[in-house]
Each structure stands twice: as C-alpha cells, then as structure tokens.
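Peer 1: Data file data-v7.json (JSON, C-alpha atoms and all ligand atoms) is appended below.
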```
[["chain", "number", "residue", "atom", "x", "y", "z"],
["A", 1, "MET", "CA", 65.98, -118.67, 246.32],
["A", 2, "ALA", "CA", 64.81, -118.81, 242.72],
["A", 3, "GLY", "CA", 61.11, -118.08, 242.50],
["A", 4, "ILE", "CA", 59.12, -117.55, 239.33],
["A", 5, "ILE", "CA", 59.05, -113.89, 240.39],
["A", 6, "ASP", "CA", 62.14, -112.58, 242.18],
["A", 7, "VAL", "CA", 62.35, -108.97, 243.22],
["A", 8, "GLN", "CA", 65.51, -107.69, 244.89],
["A", 9, "ASP", "CA", 65.75, -104.38, 246.72],
["A", 10, "LEU", "CA", 63.40, -102.66, 244.29],
["A", 11, "LYS", "CA", 63.16, -98.90, 244.50],
["A", 12, "PHE", "CA", 60.90, -96.73, 242.40],
["A", 13, "THR", "CA", 60.03, -93.01, 242.63],
["A", 14, "TYR", "CA", 57.47, -91.35, 240.33],
["A", 15, "SER", "CA", 58.87, -88.30, 238.61],
["A", 16, "GLY", "CA", 58.15, -85.14, 240.54],
["A", 17, "GLN", "CA", 57.60, -87.09, 243.78],
["A", 18, "GLN", "CA", 59.91, -86.82, 246.76],
["A", 19, "ARG", "CA", 58.97, -90.04, 248.47],
["A", 20, "PRO", "CA", 59.66, -93.36, 246.73],
["A", 21, "ALA", "CA", 56.51, -95.39, 245.92],
["A", 22, "LEU", "CA", 58.62, -98.53, 246.45],
["A", 23, "ASP", "CA", 61.49, -98.41, 248.86],
["A", 24, "GLY", "CA", 63.66, -101.51, 248.95],
["A", 25, "VAL", "CA", 61.12, -104.24, 248.21],
["A", 26, "SER", "CA", 62.43, -107.82, 248.03],
["A", 27, "LEU", "CA", 60.25, -110.86, 247.47],
["A", 28, "SER", "CA", 60.41, -114.30, 245.95],
["A", 29, "ILE", "CA", 57.29, -116.06, 244.73],
["A", 30, "PRO", "CA", 57.63, -119.81, 244.14],
["A", 31, "ALA", "CA", 56.02, -121.19, 240.97],
["A", 32, "GLY", "CA", 52.49, -122.46, 241.48],
["A", 33, "LYS", "CA", 51.76, -120.36, 244.59],
["A", 34, "TRP", "CA", 49.00, -117.83, 245.17],
["A", 35, "VAL", "CA", 50.39, -114.73, 246.85],
["A", 36, "ALA", "CA", 48.15, -111.88, 248.00],
["A", 37, "VAL", "CA", 49.59, -108.37, 248.23],
["A", 38, "VAL", "CA", 47.67, -106.12, 250.60],
["A", 39, "GLY", "CA", 48.21, -102.63, 251.97],
["A", 40, "HIS", "CA", 46.20, -99.43, 252.30],
["A", 41, "ASN", "CA", 45.63, -97.02, 249.44],
["A", 42, "GLY", "CA", 48.86, -95.59, 248.08],
["A", 43, "SER", "CA", 51.10, -98.21, 249.74],
["A", 44, "GLY", "CA", 52.66, -99.12, 246.38],
["A", 45, "LYS", "CA", 50.82, -102.29, 245.31],
["A", 46, "SER", "CA", 50.00, -101.25, 241.75],
["A", 47, "THR", "CA", 53.45, -99.71, 241.36],
["A", 48, "LEU", "CA", 54.94, -103.10, 242.31],
["A", 49, "ALA", "CA", 52.80, -104.88, 239.66],
["A", 50, "LYS", "CA", 53.82, -102.33, 237.03],
["A", 51, "ASN", "CA", 57.50, -102.76, 237.85],
["A", 52, "ILE", "CA", 57.18, -106.55, 237.57],
["A", 53, "LEU", "CA", 55.57, -106.12, 234.14],
["A", 54, "GLY", "CA", 58.17, -103.61, 233.03],
["A", 55, "LEU", "CA", 55.51, -100.91, 232.59],
["A", 56, "LEU", "CA", 57.62, -98.82, 234.94],
["A", 57, "GLU", "CA", 61.38, -98.91, 235.11],
["A", 58, "PRO", "CA", 62.98, -99.54, 238.51],
["A", 59, "GLU", "CA", 65.23, -96.83, 239.84],
["A", 60, "SER", "CA", 67.40, -99.48, 241.46],
["A", 61, "GLY", "CA", 67.20, -103.14, 242.35],
["A", 62, "SER", "CA", 66.29, -106.03, 240.10],
["A", 63, "VAL", "CA", 63.26, -107.92, 238.83],
["A", 64, "GLU", "CA", 63.45, -111.46, 237.52],
["A", 65, "VAL", "CA", 60.42, -113.19, 236.02],
["A", 66, "ALA", "CA", 60.25, -116.78, 234.73],
["A", 67, "GLY", "CA", 64.03, -117.01, 234.81],
["A", 68, "MET", "CA", 64.55, -113.79, 232.85],
["A", 69, "ARG", "CA", 66.11, -110.67, 234.28],
["A", 70, "LEU", "CA", 63.90, -107.72, 233.36],
["A", 71, "THR", "CA", 65.67, -105.43, 230.88],
["A", 72, "ALA", "CA", 64.64, -103.42, 227.82],
["A", 73, "ASP", "CA", 65.50, -106.51, 225.73],
["A", 74, "SER", "CA", 63.58, -109.07, 227.79],
["A", 75, "VAL", "CA", 60.49, -107.01, 228.58],
["A", 76, "TRP", "CA", 58.35, -108.44, 225.74],
["A", 77, "ASP", "CA", 59.34, -112.02, 226.55],
["A", 78, "ILE", "CA", 58.47, -111.36, 230.18],
["A", 79, "ARG", "CA", 55.09, -109.83, 229.31],
["A", 80, "ALA", "CA", 54.28, -112.96, 227.31],
["A", 81, "GLU", "CA", 54.56, -114.91, 230.59],
["A", 82, "VAL", "CA", 52.48, -112.52, 232.70],
["A", 83, "GLY", "CA", 48.80, -111.75, 232.28],
["A", 84, "ILE", "CA", 47.23, -108.92, 234.26],
["A", 85, "VAL", "CA", 43.60, -108.15, 235.06],
["A", 86, "PHE", "CA", 42.82, -104.69, 236.42],
["A", 87, "GLN", "CA", 40.14, -103.34, 238.69],
["A", 88, "ASN", "CA", 37.92, -101.58, 236.21],
["A", 89, "PRO", "CA", 36.74, -103.86, 233.43],
["A", 90, "ASP", "CA", 35.64, -100.90, 231.35],
["A", 91, "ASN", "CA", 39.17, -99.62, 230.96],
["A", 92, "GLN", "CA", 40.55, -102.80, 229.48],
["A", 93, "PHE", "CA", 38.32, -103.48, 226.48],
["A", 94, "VAL", "CA", 39.59, -102.81, 223.02],
["A", 95, "GLY", "CA", 37.61, -105.20, 220.80],
["A", 96, "ALA", "CA", 34.19, -104.63, 219.19],
["A", 97, "THR", "CA", 33.09, -108.12, 220.23],
["A", 98, "VAL", "CA", 34.00, -110.39, 223.10],
["A", 99, "ALA", "CA", 35.95, -112.69, 220.72],
["A", 100, "ASP", "CA", 37.87, -109.75, 219.20],
["A", 101, "ASP", "CA", 38.75, -108.60, 222.61],
["A", 102, "VAL", "CA", 40.11, -111.96, 223.72],
["A", 103, "ALA", "CA", 42.08, -112.18, 220.45],
["A", 104, "PHE", "CA", 43.66, -108.76, 220.83],
["A", 105, "GLY", "CA", 46.73, -109.78, 222.79],
["A", 106, "LEU", "CA", 47.38, -112.62, 220.33],
["A", 107, "GLU", "CA", 47.12, -110.38, 217.26],
["A", 108, "ASN", "CA", 49.78, -108.24, 218.85],
["A", 109, "ARG", "CA", 52.04, -111.23, 219.13],
["A", 110, "ALA", "CA", 51.48, -112.46, 215.58],
["A", 111, "VAL", "CA", 49.91, -115.80, 216.54],
["A", 112, "PRO", "CA", 48.74, -117.46, 213.24],
["A", 113, "ARG", "CA", 44.99, -116.97, 212.64],
["A", 114, "PRO", "CA", 43.80, -120.61, 212.86],
["A", 115, "GLU", "CA", 45.63, -121.04, 216.16],
["A", 116, "MET", "CA", 44.29, -117.71, 217.34],
["A", 117, "LEU", "CA", 40.67, -118.73, 216.69],
["A", 118, "GLN", "CA", 41.24, -122.00, 218.49],
["A", 119, "ARG", "CA", 42.82, -120.29, 221.49],
["A", 120, "VAL", "CA", 40.01, -117.72, 221.69],
["A", 121, "ASP", "CA", 37.37, -120.46, 221.68],
["A", 122, "GLY", "CA", 39.28, -122.45, 224.29],
["A", 123, "ALA", "CA", 39.72, -119.42, 226.53],
["A", 124, "LEU", "CA", 36.04, -118.42, 226.30],
["A", 125, "ALA", "CA", 35.03, -121.98, 227.15],
["A", 126, "ALA", "CA", 37.43, -121.99, 230.11],
["A", 127, "VAL", "CA", 35.74, -118.92, 231.62],
["A", 128, "GLY", "CA", 32.21, -120.01, 230.68],
["A", 129, "MET", "CA", 31.62, -117.18, 228.19],
["A", 130, "THR", "CA", 31.26, -119.08, 224.90],
["A", 131, "ALA", "CA", 27.65, -117.98, 224.50],
["A", 132, "PHE", "CA", 28.75, -114.34, 224.58],
["A", 133, "LYS", "CA", 31.38, -114.66, 221.87],
["A", 134, "ASN", "CA", 29.77, -112.22, 219.42],
["A", 135, "ARG", "CA", 28.38, -109.78, 221.96],
["A", 136, "GLU", "CA", 29.63, -106.27, 222.57],
["A", 137, "PRO", "CA", 31.74, -106.15, 225.75],
["A", 138, "ALA", "CA", 30.08, -102.89, 226.82],
["A", 139, "HIS", "CA", 26.78, -104.65, 227.40],
["A", 140, "LEU", "CA", 28.06, -107.33, 229.78],
["A", 141, "SER", "CA", 27.74, -107.30, 233.57],
["A", 142, "GLY", "CA", 30.79, -106.45, 235.68],
["A", 143, "GLY", "CA", 31.46, -110.11, 236.47],
["A", 144, "GLN", "CA", 31.09, -111.12, 232.81],
["A", 145, "LYS", "CA", 33.50, -108.37, 231.78],
["A", 146, "GLN", "CA", 36.09, -109.66, 234.23],
["A", 147, "ARG", "CA", 35.58, -113.17, 232.85],
["A", 148, "VAL", "CA", 36.30, -111.86, 229.36],
["A", 149, "ALA", "CA", 39.40, -110.05, 230.63],
["A", 150, "ILE", "CA", 40.53, -113.33, 232.22],
["A", 151, "ALA", "CA", 39.86, -115.15, 228.93],
["A", 152, "GLY", "CA", 42.20, -112.66, 227.24],
["A", 153, "VAL", "CA", 44.90, -113.71, 229.69],
["A", 154, "VAL", "CA", 44.13, -117.43, 229.33],
["A", 155, "ALA", "CA", 44.39, -117.18, 225.52],
["A", 156, "GLN", "CA", 47.86, -115.72, 225.94],
["A", 157, "ARG", "CA", 48.93, -118.81, 227.97],
["A", 158, "PRO", "CA", 51.11, -117.08, 230.53],
["A", 159, "GLN", "CA", 52.70, -118.75, 233.55],
["A", 160, "ILE", "CA", 51.76, -115.91, 235.87],
["A", 161, "LEU", "CA", 48.49, -114.08, 236.51],
["A", 162, "ILE", "CA", 48.49, -110.72, 238.29],
["A", 163, "LEU", "CA", 45.17, -109.46, 239.61],
["A", 164, "ASP", "CA", 45.13, -105.78, 240.54],
["A", 165, "GLU", "CA", 41.95, -105.56, 242.64],
["A", 166, "ALA", "CA", 40.23, -107.47, 239.85],
["A", 167, "THR", "CA", 37.12, -108.22, 241.91],
["A", 168, "SER", "CA", 36.81, -104.98, 243.85],
["A", 169, "MET", "CA", 34.06, -103.55, 241.63],
["A", 170, "LEU", "CA", 31.92, -106.68, 241.86],
["A", 171, "ASP", "CA", 29.20, -107.51, 244.38],
["A", 172, "PRO", "CA", 30.00, -110.28, 246.92],
["A", 173, "ALA", "CA", 28.39, -113.01, 244.80],
["A", 174, "GLY", "CA", 30.25, -111.80, 241.68],
["A", 175, "ARG", "CA", 33.50, -111.75, 243.64],
["A", 176, "ARG", "CA", 33.12, -115.30, 244.84],
["A", 177, "ASP", "CA", 32.19, -116.41, 241.36],
["A", 178, "VAL", "CA", 35.25, -114.83, 239.71],
["A", 179, "MET", "CA", 37.54, -116.00, 242.53],
["A", 180, "SER", "CA", 36.38, -119.59, 242.24],
["A", 181, "LEU", "CA", 36.93, -119.40, 238.46],
["A", 182, "ILE", "CA", 40.49, -118.16, 239.02],
["A", 183, "HIS", "CA", 41.19, -120.88, 241.59],
["A", 184, "ASN", "CA", 40.06, -123.49, 239.04],
["A", 185, "LEU", "CA", 42.10, -121.97, 236.23],
["A", 186, "LYS", "CA", 45.15, -121.80, 238.46],
["A", 187, "THR", "CA", 44.97, -125.55, 239.01],
["A", 188, "GLN", "CA", 44.15, -126.43, 235.40],
["A", 189, "LEU", "CA", 46.79, -124.17, 233.85],
["A", 190, "ASN", "CA", 49.42, -124.42, 236.55],
["A", 191, "LEU", "CA", 49.45, -120.68, 237.12],
["A", 192, "THR", "CA", 51.26, -118.64, 239.72],
["A", 193, "VAL", "CA", 48.92, -115.91, 241.01],
["A", 194, "LEU", "CA", 49.87, -112.54, 242.45],
["A", 195, "SER", "CA", 46.69, -110.96, 243.70],
["A", 196, "ILE", "CA", 46.50, -107.38, 244.90],
["A", 197, "THR", "CA", 43.44, -107.04, 247.09],
["A", 198, "HIS", "CA", 41.63, -105.32, 249.93],
["A", 199, "ASP", "CA", 39.29, -108.27, 250.24],
["A", 200, "LEU", "CA", 40.02, -110.31, 253.35],
["A", 201, "GLU", "CA", 38.26, -113.39, 252.04],
["A", 202, "GLU", "CA", 40.37, -113.30, 248.89],
["A", 203, "ALA", "CA", 43.56, -112.82, 250.91],
["A", 204, "ALA", "CA", 42.54, -115.67, 253.22],
["A", 205, "SER", "CA", 42.59, -118.12, 250.33],
["A", 206, "ALA", "CA", 46.20, -117.26, 249.41],
["A", 207, "ASP", "CA", 49.27, -119.36, 250.27],
["A", 208, "GLN", "CA", 51.08, -116.25, 251.42],
["A", 209, "ILE", "CA", 50.16, -112.66, 252.23],
["A", 210, "ILE", "CA", 52.57, -109.77, 251.78],
["A", 211, "VAL", "CA", 51.69, -106.49, 253.51],
["A", 212, "LEU", "CA", 52.98, -103.28, 251.91],
["A", 213, "ASP", "CA", 53.03, -100.02, 253.79],
["A", 214, "ASN", "CA", 54.57, -96.84, 252.50],
["A", 215, "GLY", "CA", 56.49, -98.66, 249.78],
["A", 216, "LYS", "CA", 57.98, -101.23, 252.16],
["A", 217, "ILE", "CA", 57.07, -104.80, 253.04],
["A", 218, "VAL", "CA", 56.06, -104.67, 256.70],
["A", 219, "ARG", "CA", 54.74, -108.22, 257.12],
["A", 220, "SER", "CA", 54.74, -111.44, 255.20],
["A", 221, "GLY", "CA", 53.38, -114.83, 256.14],
["A", 222, "THR", "CA", 50.59, -117.36, 255.83],
["A", 223, "PRO", "CA", 46.99, -116.11, 256.20],
["A", 224, "GLU", "CA", 46.92, -117.74, 259.67],
["A", 225, "THR", "CA", 49.90, -115.77, 260.94],
["A", 226, "ILE", "CA", 48.66, -112.52, 259.37],
["A", 227, "PHE", "CA", 45.10, -112.89, 260.68],
["A", 228, "ALA", "CA", 46.37, -113.75, 264.15],
["A", 229, "HIS", "CA", 46.86, -109.97, 264.39],
["A", 230, "GLY", "CA", 43.07, -109.58, 264.58],
["A", 231, "SER", "CA", 41.58, -106.23, 263.68],
["A", 232, "GLN", "CA", 45.06, -104.80, 263.16],
["A", 233, "VAL", "CA", 44.71, -106.12, 259.60],
["A", 234, "ALA", "CA", 42.38, -103.17, 258.97],
["A", 235, "GLU", "CA", 45.45, -100.94, 259.32],
["A", 236, "TRP", "CA", 47.04, -102.96, 256.57],
["A", 237, "GLY", "CA", 44.28, -102.10, 254.13],
["A", 238, "LEU", "CA", 42.14, -105.18, 254.53],
["A", 239, "ASP", "CA", 38.40, -104.78, 254.89],
["A", 240, "VAL", "CA", 37.52, -106.64, 258.07],
["A", 241, "PRO", "CA", 34.19, -108.39, 257.56],
["A", 242, "TYR", "CA", 31.45, -108.51, 260.17],
["A", 243, "SER", "CA", 32.21, -112.14, 261.11],
["A", 244, "GLU", "CA", 35.83, -111.32, 262.01],
["A", 245, "ASP", "CA", 34.82, -108.25, 263.98],
["A", 246, "LEU", "CA", 32.23, -110.27, 265.92],
["A", 247, "LYS", "CA", 34.73, -113.08, 266.51],
["A", 248, "GLU", "CA", 37.19, -110.64, 268.02],
["A", 249, "ARG", "CA", 34.58, -109.18, 270.34],
["A", 250, "LEU", "CA", 33.50, -112.65, 271.48],
["A", 251, "ALA", "CA", 37.16, -113.55, 272.10],
["A", 252, "ALA", "CA", 37.54, -110.35, 274.17],
["A", 253, "ALA", "CA", 34.51, -111.45, 276.16],
["A", 254, "GLY", "CA", 36.34, -114.66, 277.06],
["A", 255, "LEU", "CA", 35.05, -117.15, 274.50],
["A", 256, "GLN", "CA", 37.53, -119.40, 272.76],
["A", 257, "MET", "CA", 37.50, -118.49, 269.06],
["A", 258, "PRO", "CA", 39.15, -120.04, 265.99],
["A", 259, "LEU", "CA", 42.38, -118.28, 264.95],
["A", 260, "THR", "CA", 41.91, -118.80, 261.24],
["A", 261, "TYR", "CA", 39.78, -116.59, 259.03],
["A", 262, "THR", "CA", 36.14, -117.53, 259.56],
["A", 263, "ASP", "CA", 33.38, -116.39, 257.20],
["A", 264, "GLU", "CA", 29.85, -115.89, 258.50],
["A", 265, "GLU", "CA", 28.73, -119.41, 257.74],
["A", 266, "ARG", "CA", 31.74, -121.04, 259.42],
["A", 267, "LEU", "CA", 31.45, -118.73, 262.41],
["A", 268, "ALA", "CA", 27.76, -119.61, 262.79],
["A", 269, "ASP", "CA", 28.64, -123.33, 262.63],
["A", 270, "TYR", "CA", 31.36, -122.82, 265.23],
["A", 271, "LEU", "CA", 29.04, -120.93, 267.55],
["A", 272, "TRP", "CA", 26.52, -123.78, 267.34],
["A", 273, "THR", "CA", 29.18, -126.26, 268.49],
["A", 274, "LEU", "CA", 29.98, -124.01, 271.47],
["A", 275, "ASN", "CA", 26.32, -123.97, 272.37],
["A", 276, "SER", "CA", 25.92, -127.75, 272.16],
["A", 277, "THR", "CA", 28.73, -128.46, 274.62],
["A", 278, "LYS", "CA", 27.08, -126.43, 277.37],
["B", 1, "LIG", "N1", 51.42, -91.74, 238.04],
["B", 1, "LIG", "C1", 51.79, -91.36, 239.26],
["B", 1, "LIG", "N2", 52.48, -90.21, 239.44],
["B", 1, "LIG", "C2", 52.88, -89.82, 240.68],
["B", 1, "LIG", "N3", 52.63, -90.49, 241.79],
["B", 1, "LIG", "C3", 51.95, -91.64, 241.68],
["B", 1, "LIG", "C4", 51.49, -92.14, 240.41],
["B", 1, "LIG", "N4", 50.84, -93.30, 240.61],
["B", 1, "LIG", "C5", 50.90, -93.55, 241.94],
["B", 1, "LIG", "N5", 51.57, -92.55, 242.58],
["B", 1, "LIG", "C6", 51.84, -92.49, 244.03],
["B", 1, "LIG", "O1", 52.66, -93.59, 244.37],
["B", 1, "LIG", "C7", 52.26, -94.18, 245.61],
["B", 1, "LIG", "C8", 51.89, -95.63, 245.40],
["B", 1, "LIG", "O2", 50.77, -95.71, 244.53],
["B", 1, "LIG", "P1", 50.12, -97.08, 244.07],
["B", 1, "LIG", "O3", 49.12, -96.75, 243.00],
["B", 1, "LIG", "O4", 51.17, -98.06, 243.75],
["B", 1, "LIG", "O5", 49.36, -97.52, 245.39],
["B", 1, "LIG", "P2", 48.35, -98.73, 245.63],
["B", 1, "LIG", "O6", 48.84, -99.46, 246.81],
["B", 1, "LIG", "O7", 48.14, -99.47, 244.36],
["B", 1, "LIG", "O8", 47.01, -97.95, 246.05],
["B", 1, "LIG", "P3", 45.45, -98.32, 245.78],
["B", 1, "LIG", "O9", 45.05, -99.30, 246.84],
["B", 1, "LIG", "O10", 44.76, -97.00, 245.95],
["B", 1, "LIG", "O11", 45.32, -98.86, 244.38],
["B", 1, "LIG", "C9", 51.11, -93.31, 246.10],
["B", 1, "LIG", "O12", 51.63, -92.36, 246.99],
["B", 1, "LIG", "C10", 50.60, -92.64, 244.85],
["B", 1, "LIG", "O13", 50.02, -91.39, 245.15],
["B", 2, "MG", "MG", 46.48, -99.82, 243.15]]
```
Output the file's structure as structure tokens, nothing else.

Peer 2:
Amino acid sequence: MAGIIDVQDLKFTYSGQQRPALDGVSLSIPAGKWVAVVGHNGSGKSTLAKNILGLLEPESGSVEVAGMRLTADSVWDIRAEVGIVFQNPDNQFVGATVADDVAFGLENRAVPRPEMLQRVDGALAAVGMTAFKNREPAHLSGGQKQRVAIAGVVAQRPQILILDEATSMLDPAGRRDVMSLIHNLKTQLNLTVLSITHDLEEAASADQIIVLDNGKIVRSGTPETIFAHGSQVAEWGLDVPYSEDLKERLAAAGLQMPLTYTDEERLADYLWTLNSTK
C-alpha cells in the first residue's frame, strides 16, 4: 500500500505530558488525492502534520513521504516535497514585501537568483497576486495573505500541500475563494492535499475524510459515508452548517432527504423539487 504519504503506527507524546497526542496512527494517502483530517480541538491533527514534516520526532512508528523514509538525513529532502500553510497568516510572514516573502523558502534552498525571480513571478501569477508583488504583507487582507502563503508553497514546487486550518480565519466568501484556488492549483500542479479542517464544506470536497479523536483514527471514509452519520459529525469537530441541521430535522419529520452534503443553495433547490411533485 504505497501512498505518497505513509504513516505506520505513529506514536507521539509531548514532553511532560502523560497522554500521547498521537497513539498508533496509520494512514496511507495515494498521490493526487485530497484527504481531509478532522477532529475536535486537541485531537492531534496539527501534531500529525508536524510529524509528517519532521518538525516533531515520532516516539515510535514510521513516516514515509514521497518514497523517502523520514529520518534525520532525509528530513530536508522530505520538506522540499511538502508545503504547509497554517491557520494564522500573520505568523508566517518573514519578507518585507510580498515577493520577498514568496522567495524566502527558495533562498533557503539556494535556488539560483534568475530562477528564483521567475518562480516567484510564476507563483504570484498562479494565485492572482501579481499586482501586490511589492506591497508589504502586513497590509493585505486575510484572504490575500493566505494567497501569498500559498504562492510561497507553489514557488517551492512540492508534491504535497498540507493545510492546517488555512481558511479558518477567513469569512465564508474568503474561504470559498481560497478553497477554489487550491482546487485549481491541485489540478494544475498535480498536488496531493492533506487538509486539516473544521469546515464541513471543505471536508465535503475531499476524496477521503479521516476523523481523529484523542490521538487515534476513529473513522475514515468518503464524505458520503462520513456524513451519513448526520449531526454526529459535530462530535468529530466539524461545524455543522444550518442547511445540514435543517435537513436532518426534515428527515426526522419524515421527508426524504439527500444523503450527501447539501449546502443551502442545493438544499433550497431540492426542497423546490419536493414541492413541485405534490
Ligand atoms: N507544545 C505542546 N506541548 C504539550 N502539549 C501539546 C503541545 N502542543 C499540543 N499539545 C497537546 O497535544 C494534543 C494534540 O494537540 P494538537 O495541537 O495536535 O491538536 P489539534 O487537533 O491540532 O487541535 P486544534 O483543532 O485545536 O488545532 C492536545 O492535547 C494538546 O493539548
Ligand atoms: Mg491544530
């Protein structure tokens, strides 16, 4: 079962803690897939991402990324294949301008300057931020900051993108905007995406959802099989939107409702069709 990310029986305990933050996690993510990792606060999602990136060292078990077993020797080669975007855009800026910021990861990896400039321009164009090239990152909106952070990853040309609640500080329109950008980039650049999220809509667009609870995987499956559990998904750290809550109450009242995730617009359309058959 060779995925582009393979984790076997991973255990990790923070120093001074009694309980492991990850307790025997195994997963295999096939190349080119979008996998959402969900779970309530403290379930171990960020700890999993940090172990995959080699920012934390597993206590036991193994991590393999892009065909490389994670060790002290391979960690830099692995990080070259994995880009990560965090929740708070303000904590990830290092450059004085947008272009400097996007270049930062490349400077660290000694990419020759002409190639670096070309990659920065290409990455800014890919995220629609060319016009902001010489601006100060601090003055951008939240969504623009996340676009710049994504450009930094694109410039690095990794095979894998990890999102650690990358859209959670954005308003709904900003979220959709950044998500649609990432979906496009995934196709264009052939990325594998591991997305940590509380956002049900974001999880619904994944190929697979993994539910973490207390450092263990408690469920894994397609969005359809996960959402068939109805409002139970709230216990797994997903924010249940109004449309899903309403759908469940209508189903309880005896109406036939779609099993798949239904946003407000699709639910409204569905309800109209029910009405027209009566
Ligand atoms: N630096 C740390 N030192 C000690 N314990 C930590 C540290 N970071 C996280 N933990 C603990 O490890 C467990 C898993 O934390 P983690 O940050 O991975 O959860 P999470 O699922 O990402 O949560 P959230 O949704 O809040 O981001 C929690 O019990 C947390 O309190
Ligand atoms: Mg976290």

Peer 1: Hey, which of A:Val85, A:Ile196, A:Ile162, A:Ala228 ends up closest to ligand LIG 1 (chain B)? Count all atoms listed in the file.

Peer 2: A:Ile196

Peer 1: Produce as JSON, numbers by chain the set of residues near ligand MG 2 (chain B), where near means within 9 Å with only C-alpha atoms and all ligand atoms considered.

Peer 2: {"A": [41, 42, 43, 44, 45, 46, 47, 49, 87, 164, 165, 196, 197]}

Peer 1: Taking only C-alpha atoms and all ligand atoms into account, which residues are within 12 Å of ligand LIG 1 (chain B), as an MDAnalysis selection string?

Peer 2: chainID A and resid 11:23 37:51 55:56 86:88 163:166 168 195:199 211:217 236:239

Peer 1: Which residue gives the smallest distance to Ala99 of chain A among A:Val178, A:Leu53, A:Ala151, A:Ala66, with only C-alpha atoms counted?

Peer 2: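 That would be A:Ala151, the residue with the smallest distance to Ala99 of chain A.
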
Peer 1: Just how far from atom CA of Ile78 of chain A is atom CA of Met129 of chain A, in Å to one decimal?

Peer 2: 27.5 Å

Peer 1: Anything within 7 Å of (61.8, -109.5, 244.9): list those residues as a list in words, counting all atoms listed in the file and sticking to the file's coordinates.

Peer 2: Ile5, Asp6, Val7, Gln8, Asp9, Val25, Ser26, Leu27, Ser28 and Val63 of chain A

Peer 1: Atom CA of Asn91 of chain A and atom CA of Arg135 of chain A, how far apart in Å?

Peer 2: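 Computed distance, atom CA of Arg135 of chain A to atom CA of Asn91 of chain A, equals 17.3 Å.
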
Peer 1: Determine the nearest neighbour of Val65 of chain A from the options A:Gln256, A:Thr273, A:Thr262, A:Gln159, counting all atoms listed in the file.

Peer 2: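 Nearest to Val65 of chain A: A:Gln159.
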
Peer 1: Near Met179 of chain A, counting all atoms listed in the file, which residues have an atom at most 10 Å away, once you skip same-chain residues fewer than 3 positions from it, shown as a list in words?

Peer 2: Ala166, Thr167, Ala173, Gly174, Arg175, Arg176, Ile182, His183, Asn184, Leu185, Glu201, Glu202 and Ser205 of chain A

Peer 1: If we count only C-alpha atoms, what is near Ala125 of chain A at a cut-off of 12 Å, once residues fewer than 4 positions away on the same chain are taken out, given as a list in words?

Peer 2: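 Residues near the query, excluding close chain neighbours: Ala99, Val102, Gln118, Arg119, Val120, Asp121, Met129, Thr130, Ala131, Phe132, Lys133, Arg147, Val148, Ile150, Ala151, Gly152, Val154, Ala155, Leu181 and Leu185 of chain A.
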
Peer 1: Using all atoms listed in the file for the distances, tell me which of A:Arg157, A:His139, A:Lys145, A:His229 is nearest to Leu106 of chain A.

Peer 2: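 Of the candidates, the smallest distance to Leu106 of chain A is held by A:Arg157.
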
Peer 1: Please identify all polymer residues within 7 Å of Val35 of chain A, counting all atoms listed in the file, omitting same-chain residues fewer than 6 positions from it, and present them as JSON, numbers by chain.

Peer 2: {"A": [193, 194, 195, 206, 207, 208, 209]}

Peer 1: Mind giving me the straight-line distance from atom CA of Gly142 of chain A to atom CA of Leu170 of chain A in Å, one decimal?

Peer 2: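 Between atom CA of Gly142 of chain A and atom CA of Leu170 of chain A the gap is 6.3 Å.
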
Peer 1: Considering only C-alpha atoms, state which residue in the set A:Leu200, A:Val218, A:Leu255, A:Leu191 is at the smallest distance from Tyr270 of chain A.

Peer 2: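 Using only C-alpha atoms, the shortest distance to Tyr270 of chain A belongs to A:Leu255.
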
Peer 1: Which of these residues is nearest to Ala252 of chain A, using all atoms listed in the file: A:Gly230, A:Pro172, A:Glu107, A:Leu267?

Peer 2: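 Under the stated criterion, the closest residue is A:Gly230.
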
Peer 1: May I have the centre and edge lengths, in Å to one decimal, of an axis-aligned box around the listed atoms of segment 37-50 of chain A with 8 Å added to every side, as AutoDock Vina command-line options?

Peer 2:
```
--center_x 50.3 --center_y -102.0 --center_z 244.7 --size_x 25.3 --size_y 28.8 --size_z 31.3
```

Peer 1: Missing atoms in segment 239-251 of chain A: fill them in up to N, CA and C atoms and send the result as a PDB file, keeping the file's coordinate frame.

Peer 2:
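Resulting contents of result_17.pdb:
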```
ATOM      1  N   ASP A 239      39.740-105.054 254.387  1.00  0.00           N
ATOM      2  CA  ASP A 239      38.400-104.780 254.890  1.00  0.00           C
ATOM      3  C   ASP A 239      38.014-105.922 255.816  1.00  0.00           C
ATOM      4  N   VAL A 240      37.843-105.591 257.099  1.00  0.00           N
ATOM      5  CA  VAL A 240      37.520-106.640 258.070  1.00  0.00           C
ATOM      6  C   VAL A 240      36.009-106.905 258.024  1.00  0.00           C
ATOM      7  N   PRO A 241      35.610-108.110 257.662  1.00  0.00           N
ATOM      8  CA  PRO A 241      34.190-108.390 257.560  1.00  0.00           C
ATOM      9  C   PRO A 241      33.540-108.541 258.941  1.00  0.00           C
ATOM     10  N   TYR A 242      32.222-108.456 258.937  1.00  0.00           N
ATOM     11  CA  TYR A 242      31.450-108.510 260.170  1.00  0.00           C
ATOM     12  C   TYR A 242      31.806-109.739 261.006  1.00  0.00           C
ATOM     13  N   SER A 243      31.970-110.902 260.358  1.00  0.00           N
ATOM     14  CA  SER A 243      32.210-112.140 261.110  1.00  0.00           C
ATOM     15  C   SER A 243      33.514-112.066 261.907  1.00  0.00           C
ATOM     16  N   GLU A 244      34.542-111.422 261.311  1.00  0.00           N
ATOM     17  CA  GLU A 244      35.830-111.320 262.010  1.00  0.00           C
ATOM     18  C   GLU A 244      35.735-110.343 263.179  1.00  0.00           C
ATOM     19  N   ASP A 245      34.991-109.266 262.950  1.00  0.00           N
ATOM     20  CA  ASP A 245      34.820-108.250 263.980  1.00  0.00           C
ATOM     21  C   ASP A 245      34.073-108.867 265.184  1.00  0.00           C
ATOM     22  N   LEU A 246      33.018-109.611 264.872  1.00  0.00           N
ATOM     23  CA  LEU A 246      32.230-110.270 265.920  1.00  0.00           C
ATOM     24  C   LEU A 246      33.085-111.289 266.674  1.00  0.00           C
ATOM     25  N   LYS A 247      33.885-112.046 265.913  1.00  0.00           N
ATOM     26  CA  LYS A 247      34.730-113.080 266.510  1.00  0.00           C
ATOM     27  C   LYS A 247      35.687-112.454 267.533  1.00  0.00           C
ATOM     28  N   GLU A 248      36.250-111.297 267.118  1.00  0.00           N
ATOM     29  CA  GLU A 248      37.190-110.640 268.020  1.00  0.00           C
ATOM     30  C   GLU A 248      36.513-110.161 269.305  1.00  0.00           C
ATOM     31  N   ARG A 249      35.280-109.656 269.150  1.00  0.00           N
ATOM     32  CA  ARG A 249      34.580-109.180 270.340  1.00  0.00           C
ATOM     33  C   ARG A 249      34.179-110.339 271.250  1.00  0.00           C
ATOM     34  N   LEU A 250      33.835-111.468 270.658  1.00  0.00           N
ATOM     35  CA  LEU A 250      33.500-112.650 271.480  1.00  0.00           C
ATOM     36  C   LEU A 250      34.758-113.164 272.194  1.00  0.00           C
ATOM     37  N   ALA A 251      35.899-113.108 271.487  1.00  0.00           N
ATOM     38  CA  ALA A 251      37.160-113.550 272.100  1.00  0.00           C
ATOM     39  C   ALA A 251      37.495-112.635 273.288  1.00  0.00           C
TER      40      ALA A 251
END
```
